[in-house]
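Have a look at coords_21.cif below; it lists mmCIF, N, CA and C atoms.
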```cif
data_structure
loop_
_atom_site.label_atom_id
_atom_site.label_comp_id
_atom_site.auth_asym_id
_atom_site.auth_seq_id
_atom_site.Cartn_x
_atom_site.Cartn_y
_atom_site.Cartn_z
N MET A 285 95.73 98.36 91.06
CA MET A 285 94.41 98.17 91.65
C MET A 285 94.51 98.43 93.16
N ILE A 286 93.59 99.23 93.65
CA ILE A 286 93.58 99.57 95.08
C ILE A 286 92.81 98.49 95.84
N PRO A 287 93.41 97.91 96.86
CA PRO A 287 92.72 96.86 97.63
C PRO A 287 91.45 97.39 98.30
N GLU A 288 90.46 96.54 98.39
CA GLU A 288 89.17 96.92 98.98
C GLU A 288 89.31 97.37 100.43
N ASP A 289 90.30 96.83 101.16
CA ASP A 289 90.46 97.19 102.57
C ASP A 289 91.43 98.36 102.79
N ALA A 290 91.91 98.97 101.71
CA ALA A 290 92.83 100.11 101.85
C ALA A 290 92.06 101.32 102.38
N PRO A 291 92.69 102.09 103.27
CA PRO A 291 92.01 103.30 103.75
C PRO A 291 91.80 104.29 102.61
N VAL A 292 90.79 105.12 102.73
CA VAL A 292 90.50 106.14 101.73
C VAL A 292 91.18 107.43 102.18
N PRO A 293 92.16 107.92 101.43
CA PRO A 293 92.86 109.16 101.83
C PRO A 293 91.89 110.35 101.92
N GLY A 294 92.18 111.26 102.82
CA GLY A 294 91.31 112.40 103.07
C GLY A 294 91.08 113.29 101.87
N ASP A 295 92.07 113.37 100.97
CA ASP A 295 91.92 114.24 99.81
C ASP A 295 91.19 113.58 98.64
N THR A 296 90.69 112.37 98.85
CA THR A 296 89.97 111.65 97.81
C THR A 296 88.63 112.31 97.53
N SER A 297 88.35 112.54 96.25
CA SER A 297 87.04 113.06 95.85
C SER A 297 86.01 111.94 95.95
N LEU A 298 84.88 112.27 96.56
CA LEU A 298 83.74 111.35 96.63
C LEU A 298 82.69 111.92 95.69
N LEU A 299 82.42 111.21 94.62
CA LEU A 299 81.54 111.70 93.57
C LEU A 299 80.15 111.09 93.71
N ARG A 300 79.16 111.95 93.63
CA ARG A 300 77.76 111.51 93.77
C ARG A 300 76.98 112.00 92.57
N ARG A 301 76.23 111.07 91.95
CA ARG A 301 75.36 111.44 90.84
C ARG A 301 74.12 112.14 91.38
N VAL A 302 73.64 113.13 90.61
CA VAL A 302 72.48 113.91 91.04
C VAL A 302 71.46 113.96 89.91
N HIS A 303 70.26 113.48 90.20
CA HIS A 303 69.16 113.54 89.23
C HIS A 303 68.78 115.01 89.02
N PRO A 304 68.40 115.39 87.80
CA PRO A 304 68.08 116.81 87.55
C PRO A 304 66.98 117.38 88.44
N SER A 305 66.05 116.55 88.88
CA SER A 305 64.97 117.04 89.75
C SER A 305 65.47 117.38 91.15
N GLU A 306 66.70 116.97 91.47
CA GLU A 306 67.27 117.23 92.79
C GLU A 306 68.23 118.42 92.81
N ILE A 307 68.25 119.17 91.72
CA ILE A 307 69.08 120.37 91.67
C ILE A 307 68.18 121.58 91.91
N VAL A 308 68.57 122.39 92.86
CA VAL A 308 67.77 123.55 93.26
C VAL A 308 68.59 124.83 93.07
N TRP A 309 67.91 125.95 93.10
CA TRP A 309 68.57 127.25 93.01
C TRP A 309 68.81 127.76 94.42
N ASP A 310 70.03 128.19 94.70
CA ASP A 310 70.39 128.75 96.00
C ASP A 310 70.36 130.27 95.88
N ASP A 311 69.31 130.90 96.41
CA ASP A 311 69.18 132.36 96.32
C ASP A 311 70.28 133.07 97.09
N ASN A 312 70.78 132.48 98.16
CA ASN A 312 71.85 133.11 98.94
C ASN A 312 73.15 133.22 98.15
N ASP A 313 73.50 132.16 97.44
CA ASP A 313 74.76 132.14 96.69
C ASP A 313 74.57 132.51 95.22
N GLY A 314 73.32 132.55 94.77
CA GLY A 314 73.06 132.89 93.37
C GLY A 314 73.55 131.86 92.39
N CYS A 315 73.39 130.58 92.75
CA CYS A 315 73.84 129.51 91.86
C CYS A 315 73.06 128.22 92.17
N PRO A 316 73.11 127.28 91.22
CA PRO A 316 72.46 125.98 91.49
C PRO A 316 73.29 125.17 92.47
N ARG A 317 72.62 124.27 93.18
CA ARG A 317 73.29 123.33 94.07
C ARG A 317 72.42 122.10 94.18
N PRO A 318 73.01 120.98 94.64
CA PRO A 318 72.17 119.80 94.86
C PRO A 318 71.26 120.04 96.07
N GLY A 319 70.07 119.50 96.03
CA GLY A 319 69.18 119.57 97.18
C GLY A 319 69.73 118.71 98.31
N SER A 320 69.35 119.03 99.53
CA SER A 320 69.88 118.30 100.68
C SER A 320 69.47 116.82 100.68
N GLY A 321 68.35 116.49 100.06
CA GLY A 321 67.89 115.11 100.00
C GLY A 321 68.85 114.18 99.27
N VAL A 322 69.73 114.74 98.44
CA VAL A 322 70.72 113.95 97.71
C VAL A 322 71.63 113.19 98.67
N PHE A 323 71.77 113.72 99.89
CA PHE A 323 72.77 113.19 100.82
C PHE A 323 72.17 112.47 102.03
N LYS A 324 70.91 112.11 101.99
CA LYS A 324 70.22 111.61 103.19
C LYS A 324 70.45 110.12 103.49
N ASP A 325 70.87 109.34 102.53
CA ASP A 325 70.97 107.90 102.74
C ASP A 325 72.03 107.56 103.78
N PRO A 326 71.70 106.76 104.80
CA PRO A 326 72.68 106.37 105.81
C PRO A 326 73.88 105.61 105.22
N GLU A 327 73.65 104.92 104.11
CA GLU A 327 74.72 104.25 103.38
C GLU A 327 74.70 104.80 101.96
N MET A 328 75.19 106.02 101.83
CA MET A 328 75.12 106.78 100.58
C MET A 328 76.16 106.30 99.57
N SER A 329 75.70 105.92 98.39
CA SER A 329 76.60 105.47 97.33
C SER A 329 77.39 106.64 96.76
N VAL A 330 78.66 106.40 96.54
CA VAL A 330 79.55 107.37 95.90
C VAL A 330 80.51 106.62 94.98
N HIS A 331 81.25 107.38 94.21
CA HIS A 331 82.34 106.84 93.41
C HIS A 331 83.62 107.45 93.95
N LEU A 332 84.62 106.62 94.17
CA LEU A 332 85.87 107.06 94.79
C LEU A 332 86.85 107.55 93.72
N GLY A 333 87.23 108.82 93.87
CA GLY A 333 88.11 109.44 92.90
C GLY A 333 89.47 108.78 92.79
N ASP A 334 89.99 108.23 93.89
CA ASP A 334 91.30 107.59 93.81
C ASP A 334 91.28 106.34 92.94
N VAL A 335 90.17 105.62 92.97
CA VAL A 335 90.04 104.42 92.13
C VAL A 335 89.91 104.85 90.66
N LEU A 336 89.10 105.88 90.41
CA LEU A 336 88.97 106.37 89.03
C LEU A 336 90.34 106.78 88.48
N GLN A 337 91.10 107.47 89.31
CA GLN A 337 92.44 107.90 88.90
C GLN A 337 93.34 106.70 88.64
N ASP A 338 93.28 105.72 89.53
CA ASP A 338 94.08 104.50 89.37
C ASP A 338 93.72 103.76 88.09
N GLU A 339 92.44 103.82 87.71
CA GLU A 339 91.96 103.16 86.49
C GLU A 339 92.08 104.06 85.26
N ASP A 340 92.65 105.25 85.44
CA ASP A 340 92.80 106.23 84.36
C ASP A 340 91.45 106.56 83.72
N ARG A 341 90.45 106.78 84.59
CA ARG A 341 89.10 107.14 84.14
C ARG A 341 88.78 108.56 84.57
N ALA A 342 88.15 109.31 83.69
CA ALA A 342 87.68 110.65 84.03
C ALA A 342 86.47 110.53 84.93
N PRO A 343 86.25 111.49 85.84
CA PRO A 343 85.08 111.43 86.72
C PRO A 343 83.76 111.30 85.95
N GLU A 344 83.67 111.92 84.78
CA GLU A 344 82.44 111.90 83.99
C GLU A 344 82.01 110.50 83.58
N THR A 345 82.95 109.55 83.61
CA THR A 345 82.61 108.18 83.20
C THR A 345 81.57 107.54 84.10
N VAL A 346 81.43 108.02 85.33
CA VAL A 346 80.44 107.42 86.23
C VAL A 346 79.01 107.83 85.84
N LEU A 347 78.89 108.75 84.89
CA LEU A 347 77.57 109.16 84.41
C LEU A 347 77.12 108.35 83.19
N ALA A 348 77.91 107.38 82.77
CA ALA A 348 77.55 106.56 81.61
C ALA A 348 76.16 105.96 81.80
N GLY A 349 75.32 106.12 80.80
CA GLY A 349 73.96 105.59 80.87
C GLY A 349 72.99 106.49 81.60
N LYS A 350 73.46 107.62 82.10
CA LYS A 350 72.61 108.57 82.82
C LYS A 350 72.86 109.97 82.26
N PRO A 351 72.49 110.21 81.01
CA PRO A 351 72.85 111.45 80.32
C PRO A 351 72.23 112.72 80.91
N THR A 352 71.19 112.60 81.71
CA THR A 352 70.56 113.80 82.27
C THR A 352 71.10 114.15 83.66
N TYR A 353 71.91 113.28 84.22
CA TYR A 353 72.41 113.47 85.59
C TYR A 353 73.59 114.44 85.62
N SER A 354 73.77 115.07 86.77
CA SER A 354 74.94 115.88 87.06
C SER A 354 75.79 115.12 88.07
N LEU A 355 76.96 115.67 88.38
CA LEU A 355 77.90 115.00 89.28
C LEU A 355 78.48 116.02 90.24
N VAL A 356 78.43 115.70 91.53
CA VAL A 356 79.00 116.59 92.55
C VAL A 356 80.08 115.86 93.33
N SER A 357 80.90 116.65 94.02
CA SER A 357 82.03 116.09 94.75
C SER A 357 82.14 116.69 96.14
N LEU A 358 82.46 115.83 97.08
CA LEU A 358 82.89 116.20 98.44
C LEU A 358 84.20 115.46 98.68
N THR A 359 84.98 115.87 99.66
CA THR A 359 86.20 115.12 99.96
C THR A 359 85.95 114.16 101.12
N ALA A 360 86.75 113.11 101.14
CA ALA A 360 86.66 112.13 102.22
C ALA A 360 86.91 112.80 103.57
N ALA A 361 87.91 113.69 103.64
CA ALA A 361 88.22 114.36 104.91
C ALA A 361 87.03 115.16 105.42
N PHE A 362 86.34 115.84 104.50
CA PHE A 362 85.19 116.64 104.92
C PHE A 362 84.09 115.76 105.51
N VAL A 363 83.69 114.70 104.81
CA VAL A 363 82.60 113.88 105.34
C VAL A 363 83.02 113.17 106.62
N GLU A 364 84.29 112.79 106.73
CA GLU A 364 84.76 112.16 107.97
C GLU A 364 84.73 113.15 109.13
N SER A 365 84.93 114.44 108.84
CA SER A 365 84.85 115.45 109.90
C SER A 365 83.41 115.64 110.37
N GLU A 366 82.47 115.08 109.63
CA GLU A 366 81.05 115.13 109.97
C GLU A 366 80.55 113.76 110.45
N GLN A 367 81.40 113.03 111.13
CA GLN A 367 81.07 111.74 111.73
C GLN A 367 80.56 110.71 110.72
N GLN A 368 81.17 110.70 109.54
CA GLN A 368 80.83 109.72 108.52
C GLN A 368 82.04 108.81 108.28
N GLU A 369 81.76 107.60 107.86
CA GLU A 369 82.82 106.65 107.52
C GLU A 369 82.77 106.39 106.02
N VAL A 370 83.90 106.48 105.37
CA VAL A 370 83.99 106.21 103.93
C VAL A 370 84.49 104.79 103.75
N ARG A 371 83.73 104.00 103.00
CA ARG A 371 84.06 102.59 102.79
C ARG A 371 84.20 102.31 101.30
N ARG A 372 85.15 101.49 100.96
CA ARG A 372 85.26 100.98 99.59
C ARG A 372 84.27 99.82 99.47
N ARG A 373 83.40 99.89 98.47
CA ARG A 373 82.42 98.83 98.23
C ARG A 373 82.33 98.55 96.74
N PRO A 374 83.43 98.03 96.16
CA PRO A 374 83.40 97.80 94.71
C PRO A 374 82.31 96.80 94.34
N ILE A 375 81.71 97.04 93.20
CA ILE A 375 80.71 96.12 92.65
C ILE A 375 81.22 95.65 91.29
N ASP A 376 80.67 94.56 90.80
CA ASP A 376 81.19 93.96 89.56
C ASP A 376 81.32 94.97 88.44
N GLU A 377 80.31 95.79 88.25
CA GLU A 377 80.34 96.72 87.12
C GLU A 377 81.10 98.02 87.40
N ASP A 378 81.54 98.24 88.64
CA ASP A 378 82.27 99.47 88.94
C ASP A 378 83.11 99.33 90.20
N GLN A 379 84.41 99.23 90.00
CA GLN A 379 85.34 99.08 91.11
C GLN A 379 85.46 100.37 91.94
N SER A 380 85.01 101.52 91.40
CA SER A 380 85.11 102.79 92.12
C SER A 380 83.97 103.01 93.11
N HIS A 381 83.03 102.08 93.17
CA HIS A 381 81.88 102.26 94.06
C HIS A 381 82.30 102.23 95.52
N GLY A 382 81.73 103.14 96.28
CA GLY A 382 81.97 103.19 97.72
C GLY A 382 80.72 103.67 98.43
N GLU A 383 80.82 103.79 99.74
CA GLU A 383 79.69 104.27 100.55
C GLU A 383 80.19 105.25 101.59
N VAL A 384 79.33 106.23 101.87
CA VAL A 384 79.54 107.14 102.99
C VAL A 384 78.49 106.75 104.02
N CYS A 385 78.95 106.20 105.14
CA CYS A 385 78.06 105.62 106.13
C CYS A 385 78.00 106.46 107.41
N GLY A 386 76.79 106.62 107.90
CA GLY A 386 76.58 107.34 109.14
C GLY A 386 75.23 108.04 109.11
N GLU A 387 74.79 108.45 110.30
CA GLU A 387 73.53 109.18 110.40
C GLU A 387 73.67 110.53 109.69
N LYS A 388 72.64 110.89 108.98
CA LYS A 388 72.66 112.15 108.25
C LYS A 388 71.40 112.95 108.58
N PRO A 389 71.41 113.60 109.75
CA PRO A 389 70.26 114.45 110.09
C PRO A 389 70.16 115.62 109.10
N ARG A 390 69.04 116.30 109.13
CA ARG A 390 68.74 117.36 108.18
C ARG A 390 69.86 118.41 108.08
N GLY A 391 70.38 118.85 109.21
CA GLY A 391 71.44 119.86 109.21
C GLY A 391 72.70 119.39 108.49
N ARG A 392 73.05 118.14 108.67
CA ARG A 392 74.24 117.58 108.00
C ARG A 392 73.99 117.49 106.50
N CYS A 393 72.80 117.06 106.11
CA CYS A 393 72.46 116.99 104.69
C CYS A 393 72.55 118.37 104.05
N ARG A 394 72.06 119.38 104.76
CA ARG A 394 72.13 120.76 104.24
C ARG A 394 73.59 121.20 104.09
N LEU A 395 74.41 120.88 105.07
CA LEU A 395 75.83 121.23 105.00
C LEU A 395 76.49 120.55 103.81
N PHE A 396 76.21 119.27 103.61
CA PHE A 396 76.76 118.55 102.46
C PHE A 396 76.32 119.23 101.16
N ALA A 397 75.04 119.61 101.07
CA ALA A 397 74.51 120.23 99.86
C ALA A 397 75.18 121.57 99.58
N ARG A 398 75.42 122.36 100.63
CA ARG A 398 76.06 123.67 100.45
C ARG A 398 77.55 123.53 100.13
N THR A 399 78.16 122.45 100.57
CA THR A 399 79.61 122.26 100.40
C THR A 399 79.96 121.55 99.09
N ALA A 400 79.06 120.71 98.60
CA ALA A 400 79.35 119.94 97.38
C ALA A 400 79.63 120.87 96.20
N GLU A 401 80.57 120.46 95.38
CA GLU A 401 80.92 121.21 94.18
C GLU A 401 80.56 120.40 92.95
N PHE A 402 79.99 121.09 91.96
CA PHE A 402 79.67 120.40 90.71
C PHE A 402 80.95 120.06 89.96
N VAL A 403 81.03 118.81 89.53
CA VAL A 403 82.06 118.36 88.62
C VAL A 403 81.49 118.43 87.20
N VAL A 404 80.21 118.03 87.09
CA VAL A 404 79.44 118.13 85.85
C VAL A 404 78.08 118.68 86.22
N LEU A 405 77.67 119.76 85.56
CA LEU A 405 76.32 120.30 85.72
C LEU A 405 75.64 120.20 84.37
N GLU A 406 74.71 119.27 84.25
CA GLU A 406 74.00 119.03 83.00
C GLU A 406 72.83 120.00 82.91
N THR A 407 73.05 121.14 82.28
CA THR A 407 72.05 122.21 82.27
C THR A 407 70.86 121.91 81.38
N ASN A 408 71.01 121.05 80.38
CA ASN A 408 69.90 120.76 79.47
C ASN A 408 68.73 120.05 80.14
N SER A 409 68.96 119.49 81.33
CA SER A 409 67.92 118.71 82.00
C SER A 409 67.40 119.37 83.27
N LEU A 410 67.85 120.58 83.57
CA LEU A 410 67.43 121.24 84.80
C LEU A 410 65.95 121.59 84.77
N LYS A 411 65.36 121.72 85.96
CA LYS A 411 63.99 122.19 86.05
C LYS A 411 63.93 123.58 85.44
N PRO A 412 62.84 123.93 84.76
CA PRO A 412 62.74 125.23 84.08
C PRO A 412 63.01 126.42 85.00
N GLU A 413 62.54 126.36 86.24
CA GLU A 413 62.74 127.50 87.14
C GLU A 413 64.21 127.67 87.54
N VAL A 414 64.94 126.56 87.66
CA VAL A 414 66.38 126.64 87.98
C VAL A 414 67.14 127.19 86.77
N LEU A 415 66.80 126.69 85.59
CA LEU A 415 67.46 127.15 84.38
C LEU A 415 67.19 128.64 84.15
N ALA A 416 65.97 129.08 84.39
CA ALA A 416 65.63 130.50 84.22
C ALA A 416 66.44 131.37 85.17
N LYS A 417 66.60 130.93 86.41
CA LYS A 417 67.39 131.72 87.37
C LYS A 417 68.86 131.73 86.99
N MET A 418 69.37 130.62 86.46
CA MET A 418 70.75 130.59 85.99
C MET A 418 70.95 131.58 84.85
N GLN A 419 70.02 131.57 83.90
CA GLN A 419 70.12 132.46 82.75
C GLN A 419 70.01 133.92 83.19
N SER A 420 69.14 134.19 84.13
CA SER A 420 68.98 135.55 84.64
C SER A 420 70.25 136.01 85.35
N ALA A 421 70.83 135.13 86.16
CA ALA A 421 72.07 135.48 86.87
C ALA A 421 73.20 135.72 85.89
N ALA A 422 73.27 134.92 84.83
CA ALA A 422 74.32 135.09 83.82
C ALA A 422 74.13 136.44 83.11
N ALA A 423 72.88 136.77 82.78
CA ALA A 423 72.60 138.06 82.11
C ALA A 423 72.94 139.21 83.02
N ASP A 424 72.61 139.10 84.31
CA ASP A 424 72.95 140.16 85.26
C ASP A 424 74.46 140.33 85.36
N GLY A 425 75.18 139.22 85.31
CA GLY A 425 76.64 139.28 85.36
C GLY A 425 77.22 139.97 84.14
N GLU A 426 76.60 139.76 82.98
CA GLU A 426 77.06 140.43 81.77
C GLU A 426 76.77 141.92 81.85
N ASP A 427 75.61 142.28 82.42
CA ASP A 427 75.26 143.69 82.57
C ASP A 427 76.22 144.40 83.51
N ALA A 428 76.73 143.67 84.50
CA ALA A 428 77.60 144.26 85.50
C ALA A 428 79.07 144.30 85.06
N ALA A 429 79.37 143.67 83.92
CA ALA A 429 80.76 143.63 83.46
C ALA A 429 81.21 145.01 83.06
N PRO A 430 82.47 145.35 83.39
CA PRO A 430 82.97 146.66 83.00
C PRO A 430 83.10 146.79 81.49
N ALA A 431 82.89 147.99 80.99
CA ALA A 431 83.00 148.22 79.55
C ALA A 431 84.45 148.12 79.14
N ALA A 432 84.68 147.59 77.94
CA ALA A 432 86.05 147.42 77.45
C ALA A 432 86.56 148.69 76.81
#
```

What is this file in structure tokens?
Amino acid sequence: MIPEDAPVPGDTSLLRRVHPSEIVWDDNDGCPRPGSGVFKDPEMSVHLGDVLQDEDRAPETVLAGKPTYSLVSLTAAFVESEQQEVRRRPIDEDQSHGEVCGEKPRGRCRLFARTAEFVVLETNSLKPEVLAKMQSAAADGEDAAPAA
């Protein structure tokens, strides 16, 4: 068990649940990403990957009871480089709970949204326009594949 006052190593994954309505299509990168609003809370709740690993839990377990949600990840080192503090804040039902604390102006939220990587992308619950763009991009990729 990791003590509550232990520092969070820089390579620790910080996992954030994302409601399907908060997933947008990024025309620049040609892929879905979380909207910047996902990261706006000054005391943003996350799940700490080091605790999940210590408890021998897969990251997907933090989605229990939220079958339509997706899961994204940033590293502790990255958010700390953006003037954020990562805190362990275990709660009774989840010892992996933590917070990313600090001001999150619009530009920082956008940076977090562009940098976050999907750990789980629940495509069955995406907004129709995002799903359509994903399907179109996948079809375009198949069209561009070299012939065997």

Inset, instruction - Name the residues captured by the PyMOL selection byres ((chain A and resi 324) around 8) when it is applied to the shown file; answer as a PyMOL selection string. - result: chain A and resi 319-323+325-328+386-390+392-394

Please provide as a PDB file with N, CA and C atoms, keeping the file's coordinate frame all residues within 6.5 Å of A:Val414, with the sequence filter that same-chain residues fewer than 5 positions apart are discarded (counting only N, CA and C atoms).
```pdb
ATOM      1  N   VAL A 308      68.570 122.390  92.860  1.00  0.00           N
ATOM      2  CA  VAL A 308      67.770 123.550  93.260  1.00  0.00           C
ATOM      3  C   VAL A 308      68.590 124.830  93.070  1.00  0.00           C
ATOM      4  N   TRP A 309      67.910 125.950  93.100  1.00  0.00           N
ATOM      5  CA  TRP A 309      68.570 127.250  93.010  1.00  0.00           C
ATOM      6  C   TRP A 309      68.810 127.760  94.420  1.00  0.00           C
ATOM      7  N   GLN A 419      70.020 131.570  83.900  1.00  0.00           N
ATOM      8  CA  GLN A 419      70.120 132.460  82.750  1.00  0.00           C
ATOM      9  C   GLN A 419      70.010 133.920  83.190  1.00  0.00           C
TER      10      GLN A 419
END
```

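Residues matching the PyMOL selection byres (((chain A and resi 417 and name CA) around 10) and name CA) in this structure come to Trp309, Asp310, Asp311, Gly314, Cys315, Pro316, Pro412, Glu413, Val414, Leu415, Ala416, Met418, Gln419, Ser420, Ala421, Ala422 and Ala423 of chain A.
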
Would you output that residue set with N, CA and C atoms, as a PDB file, in the coordinates of the input?
```pdb
ATOM      1  N   TRP A 309      67.910 125.950  93.100  1.00  0.00           N
ATOM      2  CA  TRP A 309      68.570 127.250  93.010  1.00  0.00           C
ATOM      3  C   TRP A 309      68.810 127.760  94.420  1.00  0.00           C
ATOM      4  N   ASP A 310      70.030 128.190  94.700  1.00  0.00           N
ATOM      5  CA  ASP A 310      70.390 128.750  96.000  1.00  0.00           C
ATOM      6  C   ASP A 310      70.360 130.270  95.880  1.00  0.00           C
ATOM      7  N   ASP A 311      69.310 130.900  96.410  1.00  0.00           N
ATOM      8  CA  ASP A 311      69.180 132.360  96.320  1.00  0.00           C
ATOM      9  C   ASP A 311      70.280 133.070  97.090  1.00  0.00           C
ATOM     10  N   GLY A 314      73.320 132.550  94.770  1.00  0.00           N
ATOM     11  CA  GLY A 314      73.060 132.890  93.370  1.00  0.00           C
ATOM     12  C   GLY A 314      73.550 131.860  92.390  1.00  0.00           C
ATOM     13  N   CYS A 315      73.390 130.580  92.750  1.00  0.00           N
ATOM     14  CA  CYS A 315      73.840 129.510  91.860  1.00  0.00           C
ATOM     15  C   CYS A 315      73.060 128.220  92.170  1.00  0.00           C
ATOM     16  N   PRO A 316      73.110 127.280  91.220  1.00  0.00           N
ATOM     17  CA  PRO A 316      72.460 125.980  91.490  1.00  0.00           C
ATOM     18  C   PRO A 316      73.290 125.170  92.470  1.00  0.00           C
ATOM     19  N   PRO A 412      62.840 123.930  84.760  1.00  0.00           N
ATOM     20  CA  PRO A 412      62.740 125.230  84.080  1.00  0.00           C
ATOM     21  C   PRO A 412      63.010 126.420  85.000  1.00  0.00           C
ATOM     22  N   GLU A 413      62.540 126.360  86.240  1.00  0.00           N
ATOM     23  CA  GLU A 413      62.740 127.500  87.140  1.00  0.00           C
ATOM     24  C   GLU A 413      64.210 127.670  87.540  1.00  0.00           C
ATOM     25  N   VAL A 414      64.940 126.560  87.660  1.00  0.00           N
ATOM     26  CA  VAL A 414      66.380 126.640  87.980  1.00  0.00           C
ATOM     27  C   VAL A 414      67.140 127.190  86.770  1.00  0.00           C
ATOM     28  N   LEU A 415      66.800 126.690  85.590  1.00  0.00           N
ATOM     29  CA  LEU A 415      67.460 127.150  84.380  1.00  0.00           C
ATOM     30  C   LEU A 415      67.190 128.640  84.150  1.00  0.00           C
ATOM     31  N   ALA A 416      65.970 129.080  84.390  1.00  0.00           N
ATOM     32  CA  ALA A 416      65.630 130.500  84.220  1.00  0.00           C
ATOM     33  C   ALA A 416      66.440 131.370  85.170  1.00  0.00           C
ATOM     34  N   MET A 418      69.370 130.620  86.460  1.00  0.00           N
ATOM     35  CA  MET A 418      70.750 130.590  85.990  1.00  0.00           C
ATOM     36  C   MET A 418      70.950 131.580  84.850  1.00  0.00           C
ATOM     37  N   GLN A 419      70.020 131.570  83.900  1.00  0.00           N
ATOM     38  CA  GLN A 419      70.120 132.460  82.750  1.00  0.00           C
ATOM     39  C   GLN A 419      70.010 133.920  83.190  1.00  0.00           C
ATOM     40  N   SER A 420      69.140 134.190  84.130  1.00  0.00           N
ATOM     41  CA  SER A 420      68.980 135.550  84.640  1.00  0.00           C
ATOM     42  C   SER A 420      70.250 136.010  85.350  1.00  0.00           C
ATOM     43  N   ALA A 421      70.830 135.130  86.160  1.00  0.00           N
ATOM     44  CA  ALA A 421      72.070 135.480  86.870  1.00  0.00           C
ATOM     45  C   ALA A 421      73.200 135.720  85.890  1.00  0.00           C
ATOM     46  N   ALA A 422      73.270 134.920  84.830  1.00  0.00           N
ATOM     47  CA  ALA A 422      74.320 135.090  83.820  1.00  0.00           C
ATOM     48  C   ALA A 422      74.130 136.440  83.110  1.00  0.00           C
ATOM     49  N   ALA A 423      72.880 136.770  82.780  1.00  0.00           N
ATOM     50  CA  ALA A 423      72.600 138.060  82.110  1.00  0.00           C
ATOM     51  C   ALA A 423      72.940 139.210  83.020  1.00  0.00           C
TER      52      ALA A 423
END
```

Inset, instruction - Run through the PyMOL selection byres (((chain A and resi 357-366 and name CA) around 7) and name CA) on the given coordinates and return the selected residues as a VMD selection string. - result: chain A and resid 293 to 300 355 to 356 367 to 370 400 to 403

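Compared by their closest atoms to A:His331, and using all atoms listed in the file, the residues A:Gly425, A:Gly382, A:Pro343, A:Gly391 rank with A:Gly382 nearest.
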
Legend entry - Residue nearest A:Ile286 - candidates A:Thr407, A:Val384, A:Asp334, A:Leu395, atoms counted: all atoms listed in the file: A:Asp334

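All residues of stretch 286-348 of chain A that DSSP, run on the backbone, classes as strand (DSSP E or B) are Ser297, Leu298, Leu299, Arg300, Arg301, Val302, Ile307, Val308, Trp309, Asp310, Cys315, Pro316, Arg317, Pro318, Glu327, Met328, Ser329, Val330, His331 and Leu332 of chain A.
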
Legend entry - Residues flagged alpha helix (DSSP H) by DSSP in stretch 308-406 of chain A, as a ChimeraX atom specification: /A:333-338,360-365,390-399

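Of the listed residues (A:His303, A:Arg371, A:Val335, A:Thr399), A:Arg371 comes nearest to A:Pro291; the distances count only C-alpha atoms.
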
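You will find atom CA of A:Asp376 at 17.7 Å from atom CA of A:Asp340.
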
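Across A:Thr352, A:Gln337, A:Thr345, A:Asn408, the tightest approach to A:Pro304 is made by A:Thr352 when counting all atoms listed in the file.
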
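One finds atom N of A:Gly333 at 11.0 Å from atom C of A:Arg372.
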
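The shortest atom-to-atom distance to A:Pro351, with all atoms listed in the file taken into account, belongs to A:Ser409 out of A:Ser409, A:Val330, A:Asp289, A:Cys385.
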
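Comparing A:Gly349, A:Leu332, A:Glu406, A:Ser305 by their smallest distance to A:Ser380, the closest is A:Leu332 (using only N, CA and C atoms).
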
Inset, instruction - For A:Ser354, list every protein, DNA or RNA residue within 5 Å, evaluated using only N, CA and C atoms, and leave out those in the same chain fewer than 4 positions away; present the list as a PyMOL selection string. - result: chain A and resi 301-302+404-406
